[in-house]
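Participant: Let me give you the structure first, and then I'll get to my questions.
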Amino acid sequence: MRKIRRRCKNPDCREWFNPAFQNQQWCSAECGTVIALAKREKDRQKAKQEAERRRREETQQEKRHTKIRKLALKPDSYFKKQAQQAFNQFIRLRDHDQPCISCGETNPPDLHGGQWDCGHFKTVGGFPELRFEERNAYRQCKSCNAGSAKHGAKAATVAQQYEANLVERYGQALVDWLNGPHEMPHYRRDDFIRIRDEYRAKCRKLTKLMEAA
Ligand SMILES: [Zn+2]
Ligand SMILES: [Zn+2]
């Protein structure tokens, strides 16, 4: 029988040897011990990493569950607010190249930080049935939006300008429709969440399109 020579698997030895049995990886009992200890250490490390991974996964899951529990405790108004914020953000993005729907300024004075608002023609407070109606909301400068929230001459002017510009941009029919009666949708928690997610997605899509342009 031909003798097969092997090299010892102990990295500090690597001597050639004649194995006495199949699968013998070491030249001596000492090297056998070194290899066995190395393997045990490797297995120990592996088990440690696996335990660490499992612990991290459990922590993450616990965090997810905590988040779900916390959200379950939130009132419906929390999601209503999120939905309105997402809708308003969409309107500002949609009208990003439009002047203020009321005063017509494209570059309004920096009175309120130079930011734009989403202004509802029929106010959210007075006509909540149109709070998520895209035809009822347009980009408005902060000054006009703040003015329309007040009572008196300024609010009346802003509203008049708003209506006149709506007629000019989209026609009398739209204004008549907006002024007409509308069914009151009975939004529930799930509706607010759905609307929020829809408008967040629309915002992402618009932002991408604008960045690509
Ligand atoms: Zn050896
Ligand atoms: Zn304005």
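Letters A, B, ... mark the chains of the structure tokens in the order given; residue numbers begin at 1 per chain; ligand numbers begin at 1, in order shown.
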Quick one: residues within 10 Å of Lys202 of chain A, only C-alpha atoms, excluding same-chain residues fewer than 6 positions away - as a PyMOL selection string?
Facilitator: chain A and resi 86-87+89-90+93-94+196+208
Participant: Please identify the residues whose atoms come within 6 Å of ligand 2, using only C-alpha atoms and all ligand atoms, and report them as a ChimeraX atom specification.
Facilitator: /A:100,102-103,105,140-141,143-144
Participant: Within 10 Å of ligand 1 (counting only C-alpha atoms and all ligand atoms), which residues show up? I'd like them as a list in words.
Facilitator: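 My answer, listing the contacting residues, is Arg7, Cys8, Lys9, Asn10, Pro11, Asp12, Cys13, Arg14, Glu15, Trp16, Phe17, Gln25, Trp26, Cys27, Ser28, Ala29, Glu30, Cys31, Gly32, Thr33, Val34 and Ile35 of chain A.
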Participant: Could you pull the residues within 12 Å of Leu174 of chain A, counting only C-alpha atoms, minus those fewer than 4 positions along the same chain, as a ChimeraX atom specification?
Facilitator: /A:121,134-136,163-170,178-180
Participant: One decimal, in Å: what's the spacing between atom CA of Phe79 of chain A and atom CA of Asp190 of chain A?
Facilitator: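 We find that atom CA of Phe79 of chain A and atom CA of Asp190 of chain A lie 8.6 Å from each other.
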Participant: How many Å lie between atom CA of Trp116 of chain A and atom CA of Ile101 of chain A, rounded to one decimal?
Facilitator: 11.0 Å
Participant: For Gln84 of chain A, please output as a PyMOL selection string all residues within 9 Å (counting only C-alpha atoms; exclusion window: fewer than 6 positions along the same chain).
Facilitator: chain A and resi 131-132+192+195-196
Participant: May I have the residues from that selection written out with C-alpha atoms, as a short mmCIF file (atom, residue, chain, number, x, y, z; two decimals), in the first residue's frame?
Facilitator:
data_model
loop_
_atom_site.label_atom_id
_atom_site.label_comp_id
_atom_site.auth_asym_id
_atom_site.auth_seq_id
_atom_site.Cartn_x
_atom_site.Cartn_y
_atom_site.Cartn_z
CA ARG A 131 -59.42 69.68 4.05
CA PHE A 132 -57.90 67.06 1.73
CA PHE A 192 -55.90 59.56 8.19
CA ILE A 195 -54.16 59.72 3.40
CA ARG A 196 -50.88 60.47 5.17
#
Participant: Find the residues around Thr123 of chain A up to 12 Å (only C-alpha atoms counted), leave out those fewer than 3 positions away in its own chain, and share them as a PyMOL selection string.
Facilitator: chain A and resi 118-120+126-133+136-138+145+148-150+155+159+162+178-179
Participant: Taking only C-alpha atoms into account, name the residue in A:Arg6, A:Lys39, A:Lys80, A:Arg139 that is nearest to Gln98 of chain A.
Facilitator: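 Residue with the minimum atom-to-atom distance to Gln98 of chain A: A:Arg139.
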Participant: Could you pull out all residues of segment 117-209 of chain A with a DSSP call of strand (DSSP E or B) and give them as a compact mmCIF listing (two decimals) with N, CA, C and O atoms, in the first residue's frame?
Facilitator:
# COMPACT_ATOMS: atom_id res chain seq x y z
N ASP A 117 -46.65 78.56 2.44
CA ASP A 117 -47.67 77.78 3.12
C ASP A 117 -48.55 77.10 2.08
O ASP A 117 -48.45 77.39 0.88
N CYS A 118 -49.41 76.22 2.57
CA CYS A 118 -50.47 75.68 1.75
C CYS A 118 -51.72 76.38 2.27
O CYS A 118 -52.06 76.24 3.45
N GLY A 119 -52.38 77.17 1.41
CA GLY A 119 -53.57 77.89 1.85
C GLY A 119 -54.82 77.27 1.28
O GLY A 119 -54.92 77.04 0.08
N HIS A 120 -55.78 76.97 2.17
CA HIS A 120 -57.06 76.43 1.70
C HIS A 120 -57.99 77.58 1.34
O HIS A 120 -58.12 78.55 2.09
N ALA A 137 -56.83 73.80 -2.40
CA ALA A 137 -55.61 74.22 -1.71
C ALA A 137 -54.51 74.59 -2.70
O ALA A 137 -54.30 73.87 -3.69
N TYR A 138 -53.83 75.67 -2.41
CA TYR A 138 -52.79 76.18 -3.32
C TYR A 138 -51.65 76.79 -2.51
O TYR A 138 -51.82 77.13 -1.33
N ARG A 139 -50.53 76.94 -3.20
CA ARG A 139 -49.39 77.55 -2.52
C ARG A 139 -49.71 79.02 -2.23
O ARG A 139 -50.22 79.73 -3.09
N GLN A 140 -49.43 79.40 -1.01
CA GLN A 140 -49.75 80.74 -0.56
C GLN A 140 -48.58 81.26 0.26
O GLN A 140 -47.93 80.48 0.97
N CYS A 141 -48.30 82.56 0.15
CA CYS A 141 -47.19 83.08 0.95
C CYS A 141 -47.61 83.12 2.41
O CYS A 141 -48.80 83.18 2.73
Participant: Hey, which of A:Leu37, A:Ala51, A:Ala20, A:Ala83 ends up closest to Arg189 of chain A? Count only C-alpha atoms.
Facilitator: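 Among the listed residues, A:Ala83 lies closest to Arg189 of chain A.
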Participant: Give me, as a ChimeraX atom specification, the residues of segment 67-187 of chain A that a backbone DSSP run labels alpha helix (DSSP H).
Facilitator: /A:67-73,76-94,142-149,153-170,172-179
